[in-house]
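Here is the structure we will look at.
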Amino acid sequence: MSPRGRCACPKHGWSGWAASSGSTSDPAAPGLEEYLGAEALAHLKAWKLEDRYIYLHVQKSYPANWKLTMEAFMEAYHVGDTHPQVAPANGDVNSQYDVYGDHVDRFISTLGVVSPKLRDKYSEADIIANFTLGDSSSLGGSKPELKAGERARQVMADMFRDMFETATNTDLSHVSDTELLDTYSYTFFPNLFLFPGISLPMIYRFRPDARDHRRTIYEVMFMRPKPKDGREVETAEVEILQDHQSFAEAQGMDPGFGHILDQDTDNLYAQQEGLEASAKPGITLGDYQEVRVRHFEQTIDKYMALPPYQPDFRALQR
């Protein structure tokens with residue numbers, strides 16, 4: 001649902017849009033194309049998400065407000081401190097941030113290169129050893145060895161393309177190296193993240209707990225390309241984890257990436273406590289690295305400043 005309970009999907013046709021339970025739809029709401037804007041919509045069409053399916057869907061709740069939880073995923077510079085094991089293969093602070101109107105923003109984080117903060121401390125072979133995928137099953141447990149003069153990024157791109165094609169029975173010859181390797185993260189206001197690339201093909205969705213504003217319902221969905229032979233595939237049912245469980249315990253979850261998700265969320269309770277205990281009335285955001293956080297909060301402010309939405313109950317009757 002879009003803000004103020006309005007459905008942003010034309011004829012409710014885009015599965016994966018924000019949560020809709022318990023909300024009232026507005027027949028006069030804008031369609032998805034108008035809501036996202038032409039430029040962002042062109043990106044979606046280019047990614048051809050209709051050729052993907054969800055093969056893993058995991059849900060877990062956290063003791064932190066939904067907005068705070070979302071903001072933990074809106075920048076890439078936290079990698080060095082939060083995910084030190086992958087920093088040697090992640091461009092983190094060199095990430096690019098873009099904003100498209102009120103409702104869409106994006107970052108692109110380069111993978112297969114060493115973090116600028118660790119320059120000259122790791123070799124090309126170290127980059128390969130530390131590269132982490134959202135779904136490493138297609139690699140068969142092996143990583144390539146570099147020949148003299150080879151660059152890790154190119155070797156990984158060539159190997160991934162071949163192995164992903166074999167594992168998923170798809171043709172990726174038209175996919176560029178950056179689409180294959182790098183982290184593309186789109187945020188669709190109010191509560192949906194889309195990672196449409198090949199190495200980290202995911203969807204995040206965040207919902208406030210209706211009974212406790214300090215709790216968030218967090219969902220992670222992983223996508224794979226549909227087989228090119230037209231074979232039918234099943235969309236995954238959601239698996240709900242308990243608070244004490246690790247994402248790595250989810251059936252079908254890549255253990256290495258499950259650990260990364262745990263790292264992303266382990267400090268949320270402390271952040272919630274810190275915000276509520278702070279004497280400062282607000283937070284200070286980085287000029288560039290946290291531009292998505294600022295964009296998100298500015299859009300919230302715009303909607304909160306609107307008069308209360310009063311639906312026409314007659315128009316809603318069927």
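Residues are referred to by chain and number: the chain letter is A, B, ... according to the order shown in the structure tokens, the number counts from 1 in that chain, and ligands are numbered separately from 1 in the order shown.
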
*May I have the residues within 8 Å of A:Ser115 as number ranges by chain, using only C-alpha atoms and disregarding those fewer than 4 positions away in the same chain?*
A: 87-94, 119

Would you output that residue set with all heavy atoms, as a JSON list (two decimals), in the first residue's frame?
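And here's part_3.json as it stands now:
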```
[["chain", "number", "residue", "atom", "x", "y", "z"],
["A", 87, "ALA", "N", 34.46, -7.01, 3.22],
["A", 87, "ALA", "CA", 35.00, -5.71, 2.84],
["A", 87, "ALA", "C", 36.12, -5.81, 1.79],
["A", 87, "ALA", "O", 36.23, -4.93, 0.93],
["A", 87, "ALA", "CB", 35.49, -4.96, 4.08],
["A", 88, "PRO", "N", 36.97, -6.87, 1.82],
["A", 88, "PRO", "CA", 38.01, -6.94, 0.78],
["A", 88, "PRO", "C", 37.47, -7.13, -0.64],
["A", 88, "PRO", "O", 38.24, -7.02, -1.59],
["A", 88, "PRO", "CB", 38.82, -8.18, 1.21],
["A", 88, "PRO", "CG", 38.60, -8.29, 2.68],
["A", 88, "PRO", "CD", 37.17, -7.88, 2.87],
["A", 89, "ALA", "N", 36.19, -7.40, -0.81],
["A", 89, "ALA", "CA", 35.62, -7.59, -2.15],
["A", 89, "ALA", "C", 34.44, -6.66, -2.40],
["A", 89, "ALA", "O", 33.60, -6.95, -3.24],
["A", 89, "ALA", "CB", 35.19, -9.04, -2.33],
["A", 90, "ASN", "N", 34.41, -5.52, -1.70],
["A", 90, "ASN", "CA", 33.25, -4.62, -1.79],
["A", 90, "ASN", "C", 33.72, -3.17, -1.84],
["A", 90, "ASN", "O", 34.47, -2.72, -0.98],
["A", 90, "ASN", "CB", 32.35, -4.85, -0.56],
["A", 90, "ASN", "CG", 31.00, -4.18, -0.69],
["A", 90, "ASN", "OD1", 30.91, -2.99, -0.95],
["A", 90, "ASN", "ND2", 29.95, -4.95, -0.49],
["A", 91, "GLY", "N", 33.24, -2.43, -2.85],
["A", 91, "GLY", "CA", 33.63, -1.04, -3.03],
["A", 91, "GLY", "C", 33.01, -0.08, -2.05],
["A", 91, "GLY", "O", 33.32, 1.12, -2.09],
["A", 92, "ASP", "N", 32.16, -0.51, -1.17],
["A", 92, "ASP", "CA", 31.40, 0.20, -0.13],
["A", 92, "ASP", "C", 31.37, 1.73, -0.27],
["A", 92, "ASP", "O", 30.42, 2.28, -0.82],
["A", 92, "ASP", "CB", 31.84, -0.24, 1.28],
["A", 92, "ASP", "CG", 33.32, -0.14, 1.56],
["A", 92, "ASP", "OD1", 33.99, 0.69, 0.97],
["A", 92, "ASP", "OD2", 33.79, -0.91, 2.43],
["A", 93, "VAL", "N", 32.36, 2.45, 0.24],
["A", 93, "VAL", "CA", 32.27, 3.92, 0.29],
["A", 93, "VAL", "C", 32.34, 4.57, -1.09],
["A", 93, "VAL", "O", 32.12, 5.78, -1.21],
["A", 93, "VAL", "CB", 33.36, 4.52, 1.21],
["A", 93, "VAL", "CG1", 33.15, 4.07, 2.64],
["A", 93, "VAL", "CG2", 34.75, 4.15, 0.73],
["A", 94, "ASN", "N", 32.63, 3.80, -2.11],
["A", 94, "ASN", "CA", 32.60, 4.33, -3.48],
["A", 94, "ASN", "C", 31.25, 4.14, -4.15],
["A", 94, "ASN", "O", 31.11, 4.34, -5.35],
["A", 94, "ASN", "CB", 33.68, 3.66, -4.34],
["A", 94, "ASN", "CG", 35.01, 4.40, -4.25],
["A", 94, "ASN", "OD1", 35.10, 5.44, -3.61],
["A", 94, "ASN", "ND2", 36.03, 3.86, -4.88],
["A", 119, "ARG", "N", 42.70, -0.32, 0.58],
["A", 119, "ARG", "CA", 43.56, -0.33, -0.61],
["A", 119, "ARG", "C", 44.99, -0.74, -0.25],
["A", 119, "ARG", "O", 45.53, -0.32, 0.77],
["A", 119, "ARG", "CB", 43.55, 1.05, -1.27],
["A", 119, "ARG", "CG", 44.24, 1.08, -2.62],
["A", 119, "ARG", "CD", 44.05, 2.42, -3.30],
["A", 119, "ARG", "NE", 42.68, 2.59, -3.78],
["A", 119, "ARG", "CZ", 41.88, 3.54, -3.36],
["A", 119, "ARG", "NH1", 42.27, 4.40, -2.44],
["A", 119, "ARG", "NH2", 40.66, 3.63, -3.86]]
```

_Shell around stretch 217-233 of chain A at 8 Å using only C-alpha atoms, local window under 6 positions removed, as a list in words_ = Asp51, Arg52, Tyr53, Ile54, Tyr55, Leu56, His57, Val58, Gln59, Lys60, Ser61, Tyr62, Trp66, Gly134, Thr168, Asn169, Thr170, Asp171, Pro201, Met202, Ile203, Tyr204, Arg205, Phe206, Arg207, Pro208 and Asp209 of chain A

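With atom CA of A:Pro311 on one side and atom CA of A:Ala40 on the other, the separation reads 28.6 Å.
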
*So, counting only C-alpha atoms, which residue among A:Thr284, A:Asp120, A:Gly37, A:His83 is closest to A:Asp262?*
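So, comparing all the options, the nearest one is A:His83.
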
*asked:* Using Å and a single decimal, report how far atom CA of A:Leu285 sits from atom CA of A:Ala76.
replied: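 About the pair atom CA of A:Ala76 and atom CA of A:Leu285: they are 13.8 Å apart.
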
*Looking at A:Glu34, A:Glu39, A:Asp81, A:Asp105, which one is nearest to A:Arg294, with distances taken over only C-alpha atoms?*
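Checking each of A:Glu34, A:Glu39, A:Asp81, A:Asp105 against A:Arg294, counting only C-alpha atoms, the winner is A:Asp105.
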
*as a ChimeraX atom specification, please: all residues of stretch 161-268 of chain A that backbone DSSP puts in strand (DSSP E or B).*
/A:183-188,192-195,202-209,212-225,238-240

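Here atom CA of A:Glu165 and atom CA of A:Leu192 stand 28.0 Å from one another.
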